[in-house]
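Peer 1: Please read through the structure below; I'll follow up with questions.
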Amino acid sequence: MPAELPPALLPEVASWLRRRSWSAADRPVRDLLAAKEAAGRAGTISVVLPALDEESTVGAIVSTIRRELMERLPLVDELVVVDSGSADRTAEVAAGAGARVVHRDAILPRLPAEPGKGEVLWRSLLVTSGEIVCFVDADLREFDPAFVSGIVGPLLTDPGIQLVKAMYDRPYELPGAGEGTVDPIGGGRVTELVARPLLNLHWPELAGFVQPLGGEYAARRSLLERLPFPTGYGVELGLLVDALETAGLDALAQVDVGVRHHRHQDSQALGRMAATIYRTALERLDRTHRLKASADLVHPLLTQFTRTGGGFTARTHPVGALERPPMHTVAEYVSRHTA
């Protein structure tokens with residue numbers, strides 16, 4: 001047994017947690033307005049909602065942001081919903097609630113769109129102008145404007161901060177257990193089973209993030225435009241790891257915004273998400289020479305099983321690894337932002 005047990009966290013992570021973790025209440029919105037005015041152009045804020053078949057929730061989110069953070073208090077400068085091919089009334093509902101709606105395929109049309117959330121976030125940089133870009137998932141229920149004001153706060157008040165993640169409780173409404181039956185900490189299954197072990201093992205500097213895969217985060221455009229974007233569900237892990245490599249741990253932060261209520265995926269969808277996230281991590285381990293392996297180590301397919309009338313049926317899904325290049329290398333983006 002060693003004479004001295006190792007600390008639970010790296011010393012630099014323990015220090016980071018004390019200095020770079022806040023509550024949304026630490027920065028009242030009216031203080032943020034003063035900081036925004038003082039920042040000038042650097043304080044302009046774009047909020048982006050990536051959306052696919054979210055007609056039941058997107059309207060309330062848009063309405064809340066517009067009413068509380070654009071009309072009552074002028075914190076947000078533009079609110080954009082990027083529709084990635086909804087078959088329902090997502091676009092109509094979002095526009096009716098006050099968002100500017102842009103279809104994914106109308107952005108950078110020379111490049112055929114790939115399916116996936118990361119693709120939508122990457123393309124959104126071309127149709128927004130704020131120097132601070134805030135991403136919010138479109139499936140949230142009981143939406144609180146602190147999901148926006150809380151995470152843009154550190155970017156407005158501290159020029160050294162580059163990216164801020166929301167942290168929150170993620171309750172899980174137990175299926176089949178009766179109405180109102182909730183596990184208060186049961187959400188975030190892919191985070192706990194896949195992302196957190198990967199980060200703790202390979203990027204222990206990021207072990208302090210409570211919700212590394214959360215879809216609510218804000219960052220400076222000057223950082224986002226320098227990062228590659230995984231096109232699928234690996235985008236959150238990829239951006240976080242790459243932001244660490246590009247800007248350093250002290251440029252990253254997190255803010256407690258309370259409780260996140262959202263739609264839960266079934267276990268097979270979670271399996272596909274987990275495989276994509278794992279492959280995204282492998283790409284970064286290989287890119288930074290942390291992983292020495294033969295080219296055929298990764299088999300980019302995931303087979304899952306569903307019981308049907310004749311037994312179990314296998315379905316195989318590709319585990320995507322396509323990444324879009326840093327936006328500052330895209331001619332259309334450079335032309336738009338240097339004009």
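Ordered as shown in the structure tokens, chains take letters A, B, and onward, while each chain numbers its residues from 1 and ligands are numbered from 1 in the order shown.
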Could you make a table, as JSON lines, of the residues of stretch 207-283 of chain A that have an atom within 9 Å of an atom of stretch 186-200 of chain A, each with its nearest atom pair and distance in Å to one decimal, counting only C-alpha atoms, in chain and number order?
Peer 2:
{"residue": "A:Ala207", "atom": "CA", "partner": "A:Asn200", "partner_atom": "CA", "distance": 5.3}
{"residue": "A:Phe209", "atom": "CA", "partner": "A:Arg196", "partner_atom": "CA", "distance": 8.9}
{"residue": "A:Gln211", "atom": "CA", "partner": "A:Thr191", "partner_atom": "CA", "distance": 7.4}
{"residue": "A:Pro212", "atom": "CA", "partner": "A:Thr191", "partner_atom": "CA", "distance": 7.2}
{"residue": "A:Leu213", "atom": "CA", "partner": "A:Thr191", "partner_atom": "CA", "distance": 6.3}
{"residue": "A:Gly214", "atom": "CA", "partner": "A:Gly188", "partner_atom": "CA", "distance": 8.6}
{"residue": "A:Leu237", "atom": "CA", "partner": "A:Ala195", "partner_atom": "CA", "distance": 7.5}
{"residue": "A:Val241", "atom": "CA", "partner": "A:Leu199", "partner_atom": "CA", "distance": 8.5}
{"residue": "A:His264", "atom": "CA", "partner": "A:Gly187", "partner_atom": "CA", "distance": 8.0}
{"residue": "A:Leu270", "atom": "CA", "partner": "A:Val190", "partner_atom": "CA", "distance": 6.6}
{"residue": "A:Gly271", "atom": "CA", "partner": "A:Val190", "partner_atom": "CA", "distance": 8.2}
{"residue": "A:Met273", "atom": "CA", "partner": "A:Val190", "partner_atom": "CA", "distance": 7.6}
{"residue": "A:Ala274", "atom": "CA", "partner": "A:Val190", "partner_atom": "CA", "distance": 6.1}
{"residue": "A:Ala275", "atom": "CA", "partner": "A:Val194", "partner_atom": "CA", "distance": 8.8}
{"residue": "A:Ile277", "atom": "CA", "partner": "A:Ala195", "partner_atom": "CA", "distance": 7.2}
{"residue": "A:Tyr278", "atom": "CA", "partner": "A:Val194", "partner_atom": "CA", "distance": 7.2}
{"residue": "A:Ala281", "atom": "CA", "partner": "A:Leu198", "partner_atom": "CA", "distance": 7.5}
Peer 1: Do you know which residues are at most 10 Å from A:Asp242 counting only C-alpha atoms, after dropping those on the same chain fewer than 2 positions away, and could you put them as a ChimeraX atom specification?
Peer 2: /A:223-224,226-229,236-240,244-248,284
Peer 1: Go through A:Asp139, A:Glu119, A:Glu55, A:Glu71 and flag the residue nearest A:Ser84, using only C-alpha atoms for the distances.
Peer 2: A:Glu119
Peer 1: Within stretch 87-324 of chain A, find each residue whose DSSP state, derived from the backbone, is strand (DSSP E), and express the selection as a PyMOL selection string.
Peer 2: chain A and resi 100-103+132-135+140-141+163-169+172-173+182-183+217-220+229-230+252-259+261-262+301-308+311-318+323-324
Peer 1: Between A:Arg67, A:Ala253, A:Ile61, A:Asp144, which has the minimum distance to A:Ser15 (counting only C-alpha atoms)?
Peer 2: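 Residue with the minimum atom-to-atom distance to A:Ser15: A:Ala253.
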Peer 1: Taking only C-alpha atoms into account, which of A:Ala51, A:Ala251, A:Ala60, A:Leu201 comes nearest A:Glu142?
Peer 2: A:Ala60
Peer 1: Would you mind reading off the distance between atom CA of A:Leu155 and atom CA of A:Gly208, one decimal, in Å?
Peer 2: 19.0 Å
Peer 1: Give me, as JSON lines, each residue of stretch 119-204 of chain A that comes within 12 Å of stretch 87-100 of chain A, together with its shortest interatomic pair and the distance in Å at one decimal, counting only C-alpha atoms, with rows ordered by chain and rising residue number.
Peer 2:
{"residue": "A:Ser124", "atom": "CA", "partner": "A:Arg100", "partner_atom": "CA", "distance": 11.9}
{"residue": "A:Val127", "atom": "CA", "partner": "A:Arg100", "partner_atom": "CA", "distance": 10.1}
{"residue": "A:Thr128", "atom": "CA", "partner": "A:Arg100", "partner_atom": "CA", "distance": 10.3}
{"residue": "A:Ala138", "atom": "CA", "partner": "A:Thr90", "partner_atom": "CA", "distance": 9.6}
{"residue": "A:Asp139", "atom": "CA", "partner": "A:Thr90", "partner_atom": "CA", "distance": 10.9}
Peer 1: How many Å lie between atom CA of A:Met167 and atom CA of A:Val235, rounded to one decimal?
Peer 2: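 According to the coordinates, atom CA of A:Met167 and atom CA of A:Val235 are separated by 17.2 Å.
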Peer 1: Mind pulling up the distance from atom CA of A:Glu283 to atom CA of A:Ile151?
Peer 2: 28.2 Å
Peer 1: Would you kindly return, as a list in words, each protein, DNA or RNA residue with an atom no farther than 6 Å from any atom of A:Phe135, considering only C-alpha atoms and excluding same-chain residues fewer than 5 positions away?
Peer 2: Val47, Val48, Glu216 and Tyr217 of chain A
Peer 1: Those residues with N, CA, C and O atoms, as a short mmCIF file (atom, residue, chain, number, x, y, z; two decimals), in the first residue's frame please?
Peer 2:
data_model
loop_
_atom_site.label_atom_id
_atom_site.label_comp_id
_atom_site.auth_asym_id
_atom_site.auth_seq_id
_atom_site.Cartn_x
_atom_site.Cartn_y
_atom_site.Cartn_z
N VAL A 47 -27.93 32.74 -30.30
CA VAL A 47 -28.41 31.47 -29.73
C VAL A 47 -28.87 30.58 -30.87
O VAL A 47 -29.65 31.01 -31.73
N VAL A 48 -28.38 29.35 -30.89
CA VAL A 48 -28.69 28.38 -31.95
C VAL A 48 -29.37 27.17 -31.35
O VAL A 48 -28.86 26.58 -30.38
N GLU A 216 -26.08 22.10 -23.95
CA GLU A 216 -26.19 23.53 -23.68
C GLU A 216 -24.81 24.06 -23.31
O GLU A 216 -24.28 23.77 -22.24
N TYR A 217 -24.23 24.83 -24.20
CA TYR A 217 -22.91 25.41 -23.96
C TYR A 217 -22.74 26.62 -24.85
O TYR A 217 -23.43 26.78 -25.87
#
Peer 1: Point out the residue among A:Arg123, A:Asp250, A:Ala24, A:Arg279 with the least atom-to-atom distance to A:Pro325, counting only C-alpha atoms.
Peer 2: A:Arg123
Peer 1: Of the candidates A:Ile45, A:Ala321, A:Val259, A:Leu111, which one gets nearest to A:Cys134 if we count only C-alpha atoms?
Peer 2: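 Going through A:Ile45, A:Ala321, A:Val259, A:Leu111 one by one, the smallest distance to A:Cys134 is for A:Ile45.
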Peer 1: If you run DSSP over the backbone, which residues in stretch 41-267 of chain A end up helix (DSSP H, G or I)? Put them as a VMD selection string.
Peer 2: chain A and resid 41 to 43 58 to 71 90 to 97 104 to 106 117 to 124 146 to 157 189 to 202 204 to 206 221 to 224 235 to 247 249 to 251 267
Peer 1: I want to know what sits within 10 Å of A:Lys36, based on only C-alpha atoms, with residues of the same chain fewer than 2 positions away left out; could you give that as a PyMOL selection string?
Peer 2: chain A and resi 30-34+38-45+74-76+153+155-157
Peer 1: Could you write those residues out with C-alpha atoms, as a PDB file, in the first residue's frame?
Peer 2:
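Written file, selection-v8.pdb:
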ATOM      1  CA  ARG A  30     -28.718  43.046 -15.315  1.00  0.00           C
ATOM      2  CA  ASP A  31     -25.009  42.814 -14.470  1.00  0.00           C
ATOM      3  CA  LEU A  32     -24.554  40.864 -17.685  1.00  0.00           C
ATOM      4  CA  LEU A  33     -26.248  43.644 -19.658  1.00  0.00           C
ATOM      5  CA  ALA A  34     -23.706  46.137 -18.330  1.00  0.00           C
ATOM      6  CA  ALA A  38     -18.959  47.446 -22.202  1.00  0.00           C
ATOM      7  CA  ALA A  39     -17.769  44.600 -24.459  1.00  0.00           C
ATOM      8  CA  GLY A  40     -19.241  46.114 -27.618  1.00  0.00           C
ATOM      9  CA  ARG A  41     -18.994  43.856 -30.647  1.00  0.00           C
ATOM     10  CA  ALA A  42     -17.253  41.153 -28.595  1.00  0.00           C
ATOM     11  CA  GLY A  43     -20.404  40.860 -26.468  1.00  0.00           C
ATOM     12  CA  THR A  44     -22.848  40.078 -29.283  1.00  0.00           C
ATOM     13  CA  ILE A  45     -24.699  36.808 -28.678  1.00  0.00           C
ATOM     14  CA  PRO A  74     -31.811  42.788 -24.508  1.00  0.00           C
ATOM     15  CA  LEU A  75     -29.135  40.177 -23.834  1.00  0.00           C
ATOM     16  CA  VAL A  76     -29.462  37.958 -26.926  1.00  0.00           C
ATOM     17  CA  GLY A 153     -22.274  35.085 -18.272  1.00  0.00           C
ATOM     18  CA  LEU A 155     -17.889  34.883 -21.455  1.00  0.00           C
ATOM     19  CA  LEU A 156     -19.214  38.414 -20.971  1.00  0.00           C
ATOM     20  CA  THR A 157     -17.423  39.082 -17.696  1.00  0.00           C
TER      21      THR A 157
END
